[in-house]
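Asker: Pasting a structure here, questions to come.
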Amino acid sequence: MILIPVFGIGAQTPEEEKRALEDELKKLEAQITQYEQDVTKTKKEKQTLQSRIQALKGEIQKLDLQISQGNLMIRDLGVQIKDTEKSVSTTEQQIGRYRERLAVIMRRLQGENQKSLIEILLGENELSDFFSNFVALERLNVQNQKLLASIKDLRGYLEEQKVSLADEKEDLEKVVSVQLLQKQRNVAAQKEQQTVLKQTEGKEQTYQQLLATSRQKAAEIRARIFELIGVPNAPTFGEAAELAKYVETVTNIRAAFLLAVLTQESNIGKNVGQCYLKNPDTGAGTIAYNGKTVSKVMHPSRDAPHFLRITKELGRDPFGTAVSCPIPTVGGYGGAMGPGQFIPSTWVLIESKLKAVTGGNVDPWSIKDSFMATGIFLRDLGGVTNEWSAAMKYFSGSSWSKYEEFYGNSVMALANRYQQDIEIISQ
């Protein structure tokens with residue numbers, strides 16, 4: 001459920017409305033935290049599902065290859081079995097022919113054995129011819145017996161090979177059947193995971209929408225709270241601390257560090273400049289308290305055009321609005337505006353970000369706007385993680401000499417003191 005703030009209900013005083021909005025903001029921030037956790041959780045679930053789906057896809061592809069390989073092997077074994085059956089059949093035919101030959105030889109041998117001596121003497125020219133013929137038949141019989149035994153061995157081997165190939169083919173068919181079953185299970189699991197993934201993606205999108213809506217409402221409440229904070233042009237430390245603590249909730253810039261930078265720049269709004277721009281074409285101007293002409297009050301091309309636009313939009317007199325004077329010992333130009341001492345060309349860089357927070361027009365001379373602008377700028381300079389470096393960049397840009405490091409050191413010393421003060425007044 002999204003809590004929608006309603007501003008200005010009934011006859012609330014600004015302070016009552018501010019407290020009510022702060023309570024509402026706490027609830028929204030709790031919701032935002034929960035939605036962020038939900039988004040993170042669903043993202044992890046989605047990643048896990050995507051990984052599982054990818055793994056199943058790989059397993060299915062692997063099984064497809066194994067099944068194809070198995071089917072090829074089964075077909076090859078089938079061919080081998082047919083060839084073996086053909087060889088067995090040919091061997092059987094050979095065995096039959098050799099048996100017939102052996103039968104003929106055996107009959108002839110038997111016939112020779114049954115002849116009487118008279119038949120042998122009368123039937124043969126010589127006795128030696130009879131014995132030679134008999135011995136030849138015996139030798140042929142032995143050779144045929146050996147060949148028949150060899151062929152029978154071959155038949156036995158082929159029969160065993162046929163059985164072995166058939167068993168191997170049957171085992172392989174079982175493996176392929178199991179692989180097909182596993183593939184079906186993996187495909188079903190993949191479809192189920194894809195369905196869950198779609199549901200998870202839908203949940204993530206819903207949480208993202210809720211998170212975006214909650215963040216938008218929180219931003220609206222923060223802008224209204226910021227609008228309700230009433231501080232004078234030069235606030236007391238307690239007022240400045242409250243404002244800085246609020247800026248910290250938006251920018252994550254430590255309140256004590258923010259106050260230290262603003263103290264270093266303008267003594268928290270008490271010294272916003274002592275010069276007036278008089279000639280935007282040259283950047284020359286005057287000192288406010290004595291009217292003395294000063295050159296380099298503002299950079300004529302980099303800053304003056306922006307300054308004229310800013311003051312015009314705010315209804316300010318560009319030639320009667322105080323800006324910082326140039327520092328003779330340092331060189332360069334003056335022209336910094338308001339408590340945050342932004343030069344116009346830097347102000348325009350963060351102007352849109354500041355408007356996004358405050359929800360309206362912004363003024364570099366406003367205490368509230370300058371506090372928030374300084375917090376945003378310090379955040380962009382890396383001040384959340386490295387305060388000293390951000391302070392130096394605020395003062396000197398991206399590079400500085402060791403002689404300028406006094407600024408960062410002074411800011412950090414002030415920040416340490418302010419941190420103690422804030423902790424005391426917060427008790």
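Ordered as shown in the structure tokens, chains take letters A, B, and onward, while each chain numbers its residues from 1 and ligands are numbered from 1 in the order shown.
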What residues in segment 249-352 of chain A get the DSSP label helix (DSSP H, G or I)? Please answer as an MDAnalysis selection string.

Answerer: chainID A and resid 249:251 255:266 304:314 344:352

Asker: How many Å separate atom CA of Gln209 of chain A from atom CA of Tyr35 of chain A?

Answerer: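 Taking atom CA of Gln209 of chain A and atom CA of Tyr35 of chain A, their separation equals 9.5 Å.
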
Asker: Would you mind telling me which residue in A:Asn71, A:Asn252, A:Gln47, A:Gln194 lies nearest to Arg379 of chain A when using only C-alpha atoms?

Answerer: A:Asn252

Asker: Can you build me a table of segment 351-377 of chain A residues sitting at most 9 Å from segment 242-246 of chain A, with the closest atom pair per residue and its distance in Å to one decimal, using only C-alpha atoms, sorted by chain and residue number, as a tab-separated table?

Answerer:
residue	atom	partner	partner_atom	distance
A:Lys368	CA	A:Leu243	CA	7.3
A:Phe371	CA	A:Ala244	CA	6.9
A:Met372	CA	A:Ala244	CA	8.1
A:Gly375	CA	A:Ala244	CA	8.4

Asker: Find the residues near Gly383 of chain A: any atom within 10 Å, counting only C-alpha atoms, skip ones fewer than 3 places away on the same chain, and give them as a PDB file with C-alpha atoms, in the first residue's frame.

Answerer:
ATOM      1  CA  THR A 251      22.338  13.755   0.463  1.00  0.00           C
ATOM      2  CA  ASN A 252      24.101  11.507   3.017  1.00  0.00           C
ATOM      3  CA  ILE A 253      26.554  14.354   3.645  1.00  0.00           C
ATOM      4  CA  ARG A 254      27.345  14.456   7.372  1.00  0.00           C
ATOM      5  CA  PHE A 257      30.832  18.411   7.708  1.00  0.00           C
ATOM      6  CA  LEU A 258      28.238  20.492   5.836  1.00  0.00           C
ATOM      7  CA  GLY A 375      25.079  19.134   0.369  1.00  0.00           C
ATOM      8  CA  ILE A 376      24.326  18.048  -3.204  1.00  0.00           C
ATOM      9  CA  PHE A 377      27.581  19.513  -4.518  1.00  0.00           C
ATOM     10  CA  LEU A 378      29.663  17.908  -1.758  1.00  0.00           C
ATOM     11  CA  ARG A 379      27.963  14.585  -2.445  1.00  0.00           C
ATOM     12  CA  ASP A 380      28.821  14.890  -6.149  1.00  0.00           C
ATOM     13  CA  ASN A 386      36.109  11.270   1.494  1.00  0.00           C
ATOM     14  CA  GLU A 387      35.237  14.518   3.250  1.00  0.00           C
ATOM     15  CA  TRP A 388      38.684  16.141   3.161  1.00  0.00           C
ATOM     16  CA  SER A 389      39.070  15.580  -0.584  1.00  0.00           C
ATOM     17  CA  ALA A 390      35.549  16.896  -1.253  1.00  0.00           C
ATOM     18  CA  ALA A 391      36.287  20.019   0.804  1.00  0.00           C
ATOM     19  CA  LYS A 393      37.596  20.198  -4.498  1.00  0.00           C
ATOM     20  CA  TYR A 394      34.900  22.580  -3.239  1.00  0.00           C
TER      21      TYR A 394
END
